[in-house]
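Input: a single structure, listed below in C-alpha cells.
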Number of protein chains: 2
Amino acid sequence: MTVSRVLNGGPNVRPQVREKVMAAVETLQYRVNVQAQRLAARSSWTLAMVVEASHDAEPNSFYHSGLEIGALRACADAGFQLQMHPFSEQTEGAADAEILALATSGQADGLVLTPPFSDRLALLRQLHAAHFPVACISAGPEARQAAPSVRMDEAGAGFDITRHLLEQGHRRFAFMKGLHGHLAAEERYSGFLAALAAEGLDESSVVAARGDFTFRSGAALTPELIQAPLRPTALICANDDMAVGAMFAAHRMGLEIPAQLSVVGFDDTPVSAIIWPPLTTVHQPLKRMGARAVELLVSQVRKTQERGERHEEIIPHQLMRRDSTAAVQ
Amino acid sequence: MTVSRVLNGGPNVRPQVREKVMAAVETLQYRVNVQAQRLAARSSWTLAMVVEASHDAEPNSFYHSGLEIGALRACADAGFQLQMHPFSEQTEGAADAEILALATSGQADGLVLTPPFSDRLALLRQLHAAHFPVACISAGPEARQAAPSVRMDEAGAGFDITRHLLEQGHRRFAFMKGLHGHLAAEERYSGFLAALAAEGLDESSVVAARGDFTFRSGAALTPELIQAPLRPTALICANDDMAVGAMFAAHRMGLEIPAQLSVVGFDDTPVSAIIWPPLTTVHQPLKRMGARAVELLVSQVRKTQERGERHEEIIPHQLMRRDSTAAVQ
DNA sequence: TTGTATGCGTTATCAT
DNA sequence: ATGATAACGCATACAA
C-alpha cells in the first residue's frame with residue numbers, strides 16, 4: 001500500500017520512506033502492472049477512434065492520420081492510450097453493432113467517431129443510452145444535437161471559397177459533390193449556395209455531379225461537367241483528391257488552368273501544394289480536430305456526472321489562395 | 001466457471017447448460033471484462049508500433065499509415081489490439097529509455113519498431129535481454145542480425161531502378177540521399193552503386209547530396225546537383241517526396257522532364273502517380289510489411305519458447321515505370 | 001504516517 | 001460435466 005502511495009504521488013508519506021521505496025523499486029526493477037491498475041480502477045485509460053475502412057482498399061490515409069496524430073498527442077498529454085478501429089461498411093448499419101460491442105467491451109473509456117459513423121443517429125442514441133462517452137468529428141446538423149462534436153465550419157468554408165471565386169468574376173459553376181451520407185461535405189455545398197444567393201444567384205447557375213471523394217472519380221466526372229451546356233468557368237470539388245483528378249482530366253482535355261477553368265478543392269492535402277498549378281483550397285485543421293475531440297472525451301470520462309452535455313466546437317478554417325484560380329477572362 | 005467455459009468455447013459443457021448460459025448472458029446483457037481477462041492471463045493481447053514523430057510537425061503520414069493499416073488488419077485477424085506510439089527524438093537515444101519503459105510496462109506483448117528505431121542496436125539488445133518480442137521494419141544489416149525483421153530488398157530496388165536508367169543510356173548520375181541513420185534508405189544507394197559497377201562505372205560517374213526525405217529538401221538540393229560539373233542526365237532520389245521536390249525545382253529552372261533530365265524516386269507514394277509527368281519509382285509494399293511484422297510478433301508471443309530465432313523476411317518490390325524517365329538524348 | 005483487509009472479474013486447478 | 005478455491009496485482013476503505 002505504501003508503495004502504491006509513493007508511486008502515485010499520494011499524500012502522507014515520510015520522505016525517508018519514500019526514498020527507501022524508490023530505492024527498492026530501482027533495485028528490483030519493479031514496474032506496476034497496468035492491467036491490474038485498470039481492473040481495480042474500473043477504467044482502461046484508453047480511447048478508441050472509429051474510422052471507415054473503405055470498401056476497396058485504401059482508407060483515407062491523409063485524413064485519418066491527421067486526426068490520429070492530433071488525437072495521439074492529446075492522449076499522451078492526458079495519460080490515455082489510443083486505439084484505431086477501422087470498420088468497413090458492407091451493409092448499411094452493420095458496423096453499428098460492432099461499434100456498440102466495442103463500447104460495451106470495456107476496452108475503451110470513450111469513442112471518437114469519424115465520418116460517416118459520426119452521423120449514425122441510431123448508433124449515437126444507443127451509445128447515449130449506454131452512458132458511454134462519445135465525441136464526434138465533422139458530424140452533420142442532426143448528430144450535433146445528439147453528442148459533443150468537433151468540426152470546422154463546413155458551410156462557412158464553402159461560403160468563403162465561393163466568395164473568392166465570385167470576386168474573381170465567376171458566375172457559372174460546376175460542383176462536384178462527395179459521397180452521400182457524408183453530411184459535413186454536403187454542408188460545403190450549402191455554403192456554396194448561400195454565397196451564390198448572397199450574390200443573387202441560384203442553382204440555375206450550377207451544374208453538379210456526385211463523386212466518391214477519389215482522384216479517379218474526380219477525373220471521370222470532369223468532362224461531363226465542363227462540357228455541360230452551362231459552360232462553367234469554375235469547378236468546385238468537395239475535396240482535394242477529386243480536384244486533383246479534375247485538374248488531371250482538364251489537362252488531358254487541353255484546358256489551361258486557371259486561364260480557361262478555375263478549380264478549387266477542400267482539405268489542403270499535401271498534394272494540393274505540390275501539383276501544378278498549386279491548388280486553391282480550404283485548410284482543414286485535422287490535427288486540432290483530433291486533439292479537441294480527445295480533450296472533450298477526456299473531460300467527459302473524468303467527471304462522469306456531466307456526461308451528455310451538448311458541446312459543439314468549431315475549429316477555424318483557412319482559405320488557401322493558390323494558383324488554380326484566376327479572374328474570369 | 002461454467003460461464004467462462006461456455007463463452008470461451010471450452011469442452012465439457014452440456015448443450016442444455018450452454019443454452020441456459022447463453023440465454024442468461026442475453027438477458028443480463030453480460031459482457032466479459034477485458035481487463036480482468038488480461039490480468040488473469042498475464043497478457044494484454046496488444047501490440048505497439050513505435051514510429052518517429054519528426055522534430056518539426058508532420059510524421060510521415062503516408063509511410064506510417066501504410067504500415068499501420070497492414071498491422072491493424074493482421075492484428076484484427078489474430079485477435080490483437082494495436083497501439084501507435086510516436087516518439088520524437090531530440091537527443092540521440094533519448095527515446096530508447098521510453099521505448100524500453102513501454103516494453104516493460106506490460107501495456108503491450110510485443111513491439112513493432114519502424115525506422116529509425118529499428119536500427120537502434122543498443123535498444124534491440126536491451127529488449128532482447130528483457131525477453132521482449134520485437135519485430136523490425138526495414139532494419140539495416142546489423143539490426144537484422146539482432147531481431148526478426150521485415151523489409152523490402154532495398155539494395156535490389158536501388159539496383160533495379162538504376163538498371164532501368166542504364167538501359168536508357170544514362171551514364172552520369174545525381175543521387176539525392178536521405179537522412180543519416182536510415183540504413184534501409186542507405187542500402188538503396190549501395191544497390192545503385194552495384195548496378196553501376198556491373199556496367200563498369202564507379203562513383204566518379206556520380207554527384208551526390210544528402211537531403212532529409214522532404215519535398216522541401218528535394219527542391220533545395222536540385223539546382224546544385226543538376227548544375228554540377230558532371231552534368232548528370234538522371235537524378236535518383238532516395239524517396240518520392242524528394243523526387244517530387246526535385247521535379248518542382250527542375251520545372252522552375254525551365255528543365256524539361258524527362259527530355260532533359262530523368263528523375264526517379266522510391267516508395268510509390270500517391271503523389272507519384274498524380275504529378276506531371278508521373279514519376280518512375282519503386283513500389284514499397286507497406287501494408288504487407290506492416291502485416292507481416294505483426295504476424296511475426298504474434299507467433300513469437302504465442303509460443304514463448306521460440307523467441308529470439310532470427311527471421312528475416314523480404315517482401316517483393318516492384319518497379320513502376322512511368323513517364324519521368326526517358327532515353328538520354 | 002503506515003499497514004491490513006477486501007474487492008475488482010476472470011481463469012487455472014483441483015474436487016466432486 | 002460442473003463447481004469451489006485461489007490467484008492475478010493493484011487501490012479503496014478503514015484501522016492502528
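Identifiers in this document derive from the order of the C-alpha cells: chains are assigned A, B, ..., residues are numbered from 1 separately in each chain, and ligands are numbered from 1 in order of occurrence.
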If we count only C-alpha atoms (C1' of nucleotides), what is near C:DT10 at a cut-off of 8 Å, once residues fewer than 5 positions away on the same chain are taken out, given as a ChimeraX atom specification?
/B:33,36-37,39-40
Create the file for the chosen residues now, containing C-alpha atoms and written as an mmCIF file, in the first residue's frame.
```
data_model
loop_
_atom_site.group_PDB
_atom_site.id
_atom_site.type_symbol
_atom_site.label_atom_id
_atom_site.label_comp_id
_atom_site.auth_asym_id
_atom_site.auth_seq_id
_atom_site.Cartn_x
_atom_site.Cartn_y
_atom_site.Cartn_z
ATOM 1 C CA ASN B 33 -14.402 -7.744 -18.630
ATOM 2 C CA ALA B 36 -9.816 -8.927 -15.778
ATOM 3 C CA GLN B 37 -9.104 -11.357 -18.593
ATOM 4 C CA LEU B 39 -4.825 -9.637 -15.604
ATOM 5 C CA ALA B 40 -5.601 -13.309 -15.179
#
```
Chain C contacts on chain B, only C-alpha atoms (C1' of nucleotides), 12 Å, as a list in words
Met1, Thr2, Val3, Ser4, Arg5, Leu7, Asn8, Gly10, Tyr30, Arg31, Val32, Asn33, Val34, Gln35, Ala36, Gln37, Arg38, Leu39, Ala40, Ala41 and Arg42 of chain B
Save out the residues we just selected, C-alpha atoms, as a compact mmCIF listing (two decimals), in the first residue's frame.
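Contents of out.txt, freshly written:
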```
# COMPACT_ATOMS: atom_id res chain seq x y z
CA MET B 1 -16.56 -21.10 -14.18
CA THR B 2 -19.11 -22.75 -16.40
CA VAL B 3 -19.95 -19.39 -17.86
CA SER B 4 -16.30 -18.89 -18.67
CA ARG B 5 -16.19 -22.28 -20.33
CA LEU B 7 -18.03 -18.13 -23.56
CA ASN B 8 -14.59 -19.38 -24.44
CA GLY B 10 -14.36 -24.75 -23.74
CA TYR B 30 -23.46 -9.69 -19.70
CA ARG B 31 -20.07 -8.83 -21.23
CA VAL B 32 -16.77 -10.26 -20.14
CA ASN B 33 -14.40 -7.74 -18.63
CA VAL B 34 -11.34 -7.46 -20.80
CA GLN B 35 -9.15 -6.00 -18.06
CA ALA B 36 -9.82 -8.93 -15.78
CA GLN B 37 -9.10 -11.36 -18.59
CA ARG B 38 -5.82 -9.65 -19.23
CA LEU B 39 -4.83 -9.64 -15.60
CA ALA B 40 -5.60 -13.31 -15.18
CA ALA B 41 -3.95 -14.28 -18.44
CA ARG B 42 -0.91 -12.08 -17.82
```
With the cut-off set at 8 Å and counting only C-alpha atoms, tabulate each residue of chain A with an atom at most that distance from an atom of chain B, showing the nearest atom pair and its distance in Å to one decimal, ordered by chain and increasing number, as JSON lines.
```
{"residue": "A:Arg31", "atom": "CA", "partner": "B:Ser105", "partner_atom": "CA", "distance": 6.4}
{"residue": "A:Val32", "atom": "CA", "partner": "B:Ser105", "partner_atom": "CA", "distance": 7.1}
{"residue": "A:Asn33", "atom": "CA", "partner": "B:Gly106", "partner_atom": "CA", "distance": 6.3}
{"residue": "A:Val34", "atom": "CA", "partner": "B:Gln107", "partner_atom": "CA", "distance": 6.3}
{"residue": "A:Gln35", "atom": "CA", "partner": "B:Leu39", "partner_atom": "CA", "distance": 5.3}
{"residue": "A:Ala36", "atom": "CA", "partner": "B:Leu39", "partner_atom": "CA", "distance": 5.8}
{"residue": "A:Arg38", "atom": "CA", "partner": "B:Gln35", "partner_atom": "CA", "distance": 6.3}
{"residue": "A:Leu39", "atom": "CA", "partner": "B:Gln35", "partner_atom": "CA", "distance": 5.3}
{"residue": "A:Ser44", "atom": "CA", "partner": "B:Gln35", "partner_atom": "CA", "distance": 7.5}
{"residue": "A:Ser61", "atom": "CA", "partner": "B:Ser65", "partner_atom": "CA", "distance": 6.1}
{"residue": "A:Phe62", "atom": "CA", "partner": "B:Ser61", "partner_atom": "CA", "distance": 6.4}
{"residue": "A:Ser65", "atom": "CA", "partner": "B:Ser61", "partner_atom": "CA", "distance": 6.1}
{"residue": "A:Gly66", "atom": "CA", "partner": "B:Ser61", "partner_atom": "CA", "distance": 7.7}
{"residue": "A:Gln81", "atom": "CA", "partner": "B:Gln83", "partner_atom": "CA", "distance": 7.5}
{"residue": "A:Leu82", "atom": "CA", "partner": "B:Gln83", "partner_atom": "CA", "distance": 6.4}
{"residue": "A:Gln83", "atom": "CA", "partner": "B:Gln83", "partner_atom": "CA", "distance": 5.5}
{"residue": "A:Met84", "atom": "CA", "partner": "B:Leu82", "partner_atom": "CA", "distance": 7.5}
{"residue": "A:Thr104", "atom": "CA", "partner": "B:Arg31", "partner_atom": "CA", "distance": 7.2}
{"residue": "A:Ser105", "atom": "CA", "partner": "B:Arg31", "partner_atom": "CA", "distance": 6.4}
{"residue": "A:Gly106", "atom": "CA", "partner": "B:Asn33", "partner_atom": "CA", "distance": 6.3}
{"residue": "A:Gln107", "atom": "CA", "partner": "B:Val34", "partner_atom": "CA", "distance": 6.3}
{"residue": "A:Val244", "atom": "CA", "partner": "B:Ile274", "partner_atom": "CA", "distance": 7.9}
{"residue": "A:Phe248", "atom": "CA", "partner": "B:Ile274", "partner_atom": "CA", "distance": 7.7}
{"residue": "A:Val271", "atom": "CA", "partner": "B:Val271", "partner_atom": "CA", "distance": 6.3}
{"residue": "A:Ile274", "atom": "CA", "partner": "B:Phe248", "partner_atom": "CA", "distance": 7.8}
{"residue": "A:Ile275", "atom": "CA", "partner": "B:Ile275", "partner_atom": "CA", "distance": 6.0}
{"residue": "A:Trp276", "atom": "CA", "partner": "B:Ile275", "partner_atom": "CA", "distance": 7.8}
```
Could you please take those selected residues and save C-alpha atoms as a PDB file, in the first residue's frame?
```pdb
ATOM      1  CA  ARG A  31       7.072  -1.924 -12.520  1.00  0.00           C
ATOM      2  CA  VAL A  32       3.385  -1.503 -11.737  1.00  0.00           C
ATOM      3  CA  ASN A  33       1.114  -3.825 -13.655  1.00  0.00           C
ATOM      4  CA  VAL A  34      -1.135  -1.769 -15.887  1.00  0.00           C
ATOM      5  CA  GLN A  35      -3.749  -4.493 -16.259  1.00  0.00           C
ATOM      6  CA  ALA A  36      -4.199  -4.750 -12.529  1.00  0.00           C
ATOM      7  CA  ARG A  38      -7.126  -0.950 -14.830  1.00  0.00           C
ATOM      8  CA  LEU A  39      -9.088  -3.753 -13.269  1.00  0.00           C
ATOM      9  CA  SER A  44      -8.883   1.392 -19.192  1.00  0.00           C
ATOM     10  CA  SER A  61      -4.669   7.873 -45.090  1.00  0.00           C
ATOM     11  CA  PHE A  62      -4.148  11.604 -45.027  1.00  0.00           C
ATOM     12  CA  SER A  65      -3.752  10.079 -39.927  1.00  0.00           C
ATOM     13  CA  GLY A  66      -4.180  13.809 -39.454  1.00  0.00           C
ATOM     14  CA  GLN A  81      -3.885   5.421 -24.874  1.00  0.00           C
ATOM     15  CA  LEU A  82      -5.441   5.482 -28.315  1.00  0.00           C
ATOM     16  CA  GLN A  83      -6.644   2.603 -30.433  1.00  0.00           C
ATOM     17  CA  MET A  84      -7.677   2.957 -34.062  1.00  0.00           C
ATOM     18  CA  THR A 104     -19.570  -2.185 -24.042  1.00  0.00           C
ATOM     19  CA  SER A 105     -16.499  -4.382 -24.036  1.00  0.00           C
ATOM     20  CA  GLY A 106     -14.730  -2.175 -21.525  1.00  0.00           C
ATOM     21  CA  GLN A 107     -11.720  -1.987 -23.816  1.00  0.00           C
ATOM     22  CA  VAL A 244      -6.578  16.981 -58.387  1.00  0.00           C
ATOM     23  CA  PHE A 248      -5.597  15.913 -64.387  1.00  0.00           C
ATOM     24  CA  VAL A 271      -0.652  17.158 -52.938  1.00  0.00           C
ATOM     25  CA  ILE A 274       2.732  20.288 -54.805  1.00  0.00           C
ATOM     26  CA  ILE A 275       0.836  19.859 -58.048  1.00  0.00           C
ATOM     27  CA  TRP A 276       0.957  22.362 -60.867  1.00  0.00           C
TER      28      TRP A 276
END
```
For chain D, which residues have at least one atom within 9 Å of chain B, if we go by only C-alpha atoms (C1' of nucleotides)? Write them as a PyMOL selection string, please.
chain D and resi 1-3+7-9
Any chance you could export the current selection's C-alpha atoms (C1' of nucleotides) as a tab-separated table (two decimals), in the first residue's frame?
```tsv
chain	number	residue	atom	x	y	z
D	1	DA	C1'	-19.95	-32.21	-16.64
D	2	DT	C1'	-19.96	-28.84	-13.05
D	3	DG	C1'	-18.47	-26.23	-9.14
D	7	DA	C1'	-4.51	-16.19	-7.59
D	8	DC	C1'	-3.55	-12.41	-11.00
D	9	DG	C1'	-1.60	-7.17	-8.82
```
For the strand (DSSP E) assignment from backbone DSSP, which residues of stretch 121-289 of chain B qualify? Please present them as a PDB file with C-alpha atoms, in the first residue's frame.
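Below is the file that was written, states14.pdb:
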```pdb
ATOM      1  CA  VAL B 134      10.175  -7.443 -31.246  1.00  0.00           C
ATOM      2  CA  ALA B 135       9.768  -7.176 -34.997  1.00  0.00           C
ATOM      3  CA  CYS B 136      11.719  -4.632 -37.007  1.00  0.00           C
ATOM      4  CA  ILE B 137      10.586  -2.893 -40.162  1.00  0.00           C
ATOM      5  CA  SER B 149      12.679  -8.218 -39.384  1.00  0.00           C
ATOM      6  CA  VAL B 150      10.564  -7.418 -42.397  1.00  0.00           C
ATOM      7  CA  ARG B 151      11.675  -5.276 -45.296  1.00  0.00           C
ATOM      8  CA  MET B 152      11.784  -4.934 -48.985  1.00  0.00           C
ATOM      9  CA  PHE B 173      24.016  10.366 -62.328  1.00  0.00           C
ATOM     10  CA  ALA B 174      22.967  12.581 -59.485  1.00  0.00           C
ATOM     11  CA  PHE B 175      21.880  10.861 -56.281  1.00  0.00           C
ATOM     12  CA  MET B 176      19.937  12.512 -53.509  1.00  0.00           C
ATOM     13  CA  LYS B 177      20.354  10.573 -50.277  1.00  0.00           C
ATOM     14  CA  VAL B 206      28.002  10.271 -59.595  1.00  0.00           C
ATOM     15  CA  VAL B 207      27.373  13.518 -57.847  1.00  0.00           C
ATOM     16  CA  ALA B 208      25.583  13.041 -54.526  1.00  0.00           C
ATOM     17  CA  ALA B 209      23.965  15.196 -51.875  1.00  0.00           C
ATOM     18  CA  ARG B 210      22.105  14.489 -48.685  1.00  0.00           C
ATOM     19  CA  ALA B 234      19.469  11.270 -64.442  1.00  0.00           C
ATOM     20  CA  LEU B 235      18.573  12.153 -60.867  1.00  0.00           C
ATOM     21  CA  ILE B 236      17.832   9.384 -58.367  1.00  0.00           C
ATOM     22  CA  CYS B 237      16.175  10.424 -55.133  1.00  0.00           C
ATOM     23  CA  SER B 262      15.192  11.813 -65.947  1.00  0.00           C
ATOM     24  CA  VAL B 263      14.016  11.718 -62.342  1.00  0.00           C
ATOM     25  CA  VAL B 264      13.169   8.691 -60.209  1.00  0.00           C
ATOM     26  CA  THR B 281       9.633   4.789 -58.825  1.00  0.00           C
ATOM     27  CA  VAL B 282       9.763   1.554 -56.854  1.00  0.00           C
ATOM     28  CA  HIS B 283       6.618   0.408 -55.135  1.00  0.00           C
TER      29      HIS B 283
END
```
Residue neighbourhood A:Asp77, 12 Å, only C-alpha atoms (C1' of nucleotides), exclusion window fewer than 5 positions, as a PyMOL selection string
chain A and resi 70-72+82+291-292+294-295+298
Can you write just those residues out, C-alpha atoms, as a PDB file, in the first residue's frame?
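File result-v5.pdb, as written:
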```pdb
ATOM      1  CA  GLY A  70      -3.752  15.118 -33.148  1.00  0.00           C
ATOM      2  CA  ALA A  71      -5.583  12.565 -31.053  1.00  0.00           C
ATOM      3  CA  LEU A  72      -2.378  10.760 -30.118  1.00  0.00           C
ATOM      4  CA  LEU A  82      -5.441   5.482 -28.315  1.00  0.00           C
ATOM      5  CA  ALA A 291      -6.892  16.687 -30.405  1.00  0.00           C
ATOM      6  CA  ARG A 292     -10.002  18.579 -29.354  1.00  0.00           C
ATOM      7  CA  VAL A 294      -9.919  13.643 -27.379  1.00  0.00           C
ATOM      8  CA  GLU A 295      -9.914  16.511 -24.910  1.00  0.00           C
ATOM      9  CA  VAL A 298     -11.193  13.029 -21.524  1.00  0.00           C
TER      10      VAL A 298
END
```
Just the helix (DSSP H, G or I) stuff from stretch 47-160 of chain B, please, per backbone DSSP, written as a PDB file with C-alpha atoms, in the first residue's frame.
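File produced: states36.pdb:
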```
ATOM      1  CA  SER B  61       1.678  10.141 -42.737  1.00  0.00           C
ATOM      2  CA  PHE B  62       1.754   8.030 -45.863  1.00  0.00           C
ATOM      3  CA  TYR B  63       4.565   5.777 -44.766  1.00  0.00           C
ATOM      4  CA  HIS B  64       3.330   5.251 -41.244  1.00  0.00           C
ATOM      5  CA  SER B  65      -0.291   4.841 -42.111  1.00  0.00           C
ATOM      6  CA  GLY B  66       0.558   2.274 -44.749  1.00  0.00           C
ATOM      7  CA  LEU B  67       2.350   0.217 -42.135  1.00  0.00           C
ATOM      8  CA  GLU B  68      -0.400   0.864 -39.620  1.00  0.00           C
ATOM      9  CA  ILE B  69      -3.184  -0.262 -41.901  1.00  0.00           C
ATOM     10  CA  GLY B  70      -1.432  -3.503 -42.650  1.00  0.00           C
ATOM     11  CA  ALA B  71      -0.675  -4.024 -38.993  1.00  0.00           C
ATOM     12  CA  LEU B  72      -4.256  -3.279 -37.961  1.00  0.00           C
ATOM     13  CA  ARG B  73      -5.585  -5.853 -40.357  1.00  0.00           C
ATOM     14  CA  ALA B  74      -3.196  -8.527 -39.146  1.00  0.00           C
ATOM     15  CA  CYS B  75      -3.979  -7.643 -35.541  1.00  0.00           C
ATOM     16  CA  ALA B  76      -7.688  -7.948 -36.152  1.00  0.00           C
ATOM     17  CA  ASP B  77      -7.160 -11.365 -37.710  1.00  0.00           C
ATOM     18  CA  ALA B  78      -5.107 -12.525 -34.733  1.00  0.00           C
ATOM     19  CA  ALA B  94      16.749   9.617 -25.520  1.00  0.00           C
ATOM     20  CA  ALA B  95      13.707   7.801 -26.818  1.00  0.00           C
ATOM     21  CA  ASP B  96      15.304   4.418 -26.188  1.00  0.00           C
ATOM     22  CA  ALA B  97      14.614   4.570 -22.482  1.00  0.00           C
ATOM     23  CA  GLU B  98      10.987   5.471 -23.087  1.00  0.00           C
ATOM     24  CA  ILE B  99      10.584   2.643 -25.553  1.00  0.00           C
ATOM     25  CA  LEU B 100      12.101   0.216 -23.090  1.00  0.00           C
ATOM     26  CA  ALA B 101       9.741   1.508 -20.442  1.00  0.00           C
ATOM     27  CA  LEU B 102       6.862   0.887 -22.806  1.00  0.00           C
ATOM     28  CA  ALA B 103       8.007  -2.695 -23.221  1.00  0.00           C
ATOM     29  CA  THR B 104       8.404  -3.369 -19.514  1.00  0.00           C
ATOM     30  CA  PHE B 117      14.227   2.888 -34.186  1.00  0.00           C
ATOM     31  CA  SER B 118      14.550  -0.434 -35.974  1.00  0.00           C
ATOM     32  CA  ASP B 119      18.276   0.320 -36.262  1.00  0.00           C
ATOM     33  CA  LEU B 121      21.247  -1.753 -31.745  1.00  0.00           C
ATOM     34  CA  ALA B 122      21.527  -0.841 -28.082  1.00  0.00           C
ATOM     35  CA  LEU B 123      17.748  -0.764 -27.781  1.00  0.00           C
ATOM     36  CA  LEU B 124      17.405  -4.090 -29.545  1.00  0.00           C
ATOM     37  CA  ARG B 125      19.905  -5.636 -27.175  1.00  0.00           C
ATOM     38  CA  GLN B 126      18.061  -4.380 -24.125  1.00  0.00           C
ATOM     39  CA  LEU B 127      14.744  -5.636 -25.438  1.00  0.00           C
ATOM     40  CA  HIS B 128      16.307  -8.990 -26.181  1.00  0.00           C
ATOM     41  CA  ALA B 129      17.773  -9.164 -22.683  1.00  0.00           C
ATOM     42  CA  PRO B 141      22.167  -5.154 -41.916  1.00  0.00           C
ATOM     43  CA  GLU B 142      23.321  -5.131 -38.302  1.00  0.00           C
ATOM     44  CA  ALA B 143      19.903  -4.849 -36.736  1.00  0.00           C
ATOM     45  CA  ARG B 144      18.719  -7.718 -38.890  1.00  0.00           C
ATOM     46  CA  GLN B 145      21.165  -9.918 -37.017  1.00  0.00           C
ATOM     47  CA  ALA B 146      19.669  -8.885 -33.724  1.00  0.00           C
ATOM     48  CA  GLU B 154      16.305  -2.039 -50.670  1.00  0.00           C
ATOM     49  CA  ALA B 155      19.572  -2.771 -52.415  1.00  0.00           C
ATOM     50  CA  GLY B 156      17.711  -4.774 -55.049  1.00  0.00           C
ATOM     51  CA  ALA B 157      15.313  -1.885 -55.551  1.00  0.00           C
ATOM     52  CA  GLY B 158      18.208   0.513 -55.997  1.00  0.00           C
ATOM     53  CA  PHE B 159      19.774  -1.925 -58.418  1.00  0.00           C
ATOM     54  CA  ASP B 160      16.616  -2.381 -60.466  1.00  0.00           C
TER      55      ASP B 160
END
```
Separation of atom CA of A:Thr325 from atom CA of A:Pro278, in Å and rounded to one decimal:
9.4 Å
Would you mind listing what lies within 8 Å of B:Asp323 as a ChimeraX atom specification, with only C-alpha atoms (C1' of nucleotides) counted and same-chain residues fewer than 6 positions away left out?
/B:258,277-280
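Between atom CA of A:Met253 and atom CA of A:Gly169 the separation is 23.6 Å.
From atom CA of B:Gly79 back to atom CA of B:Val25, the distance works out to 21.8 Å.
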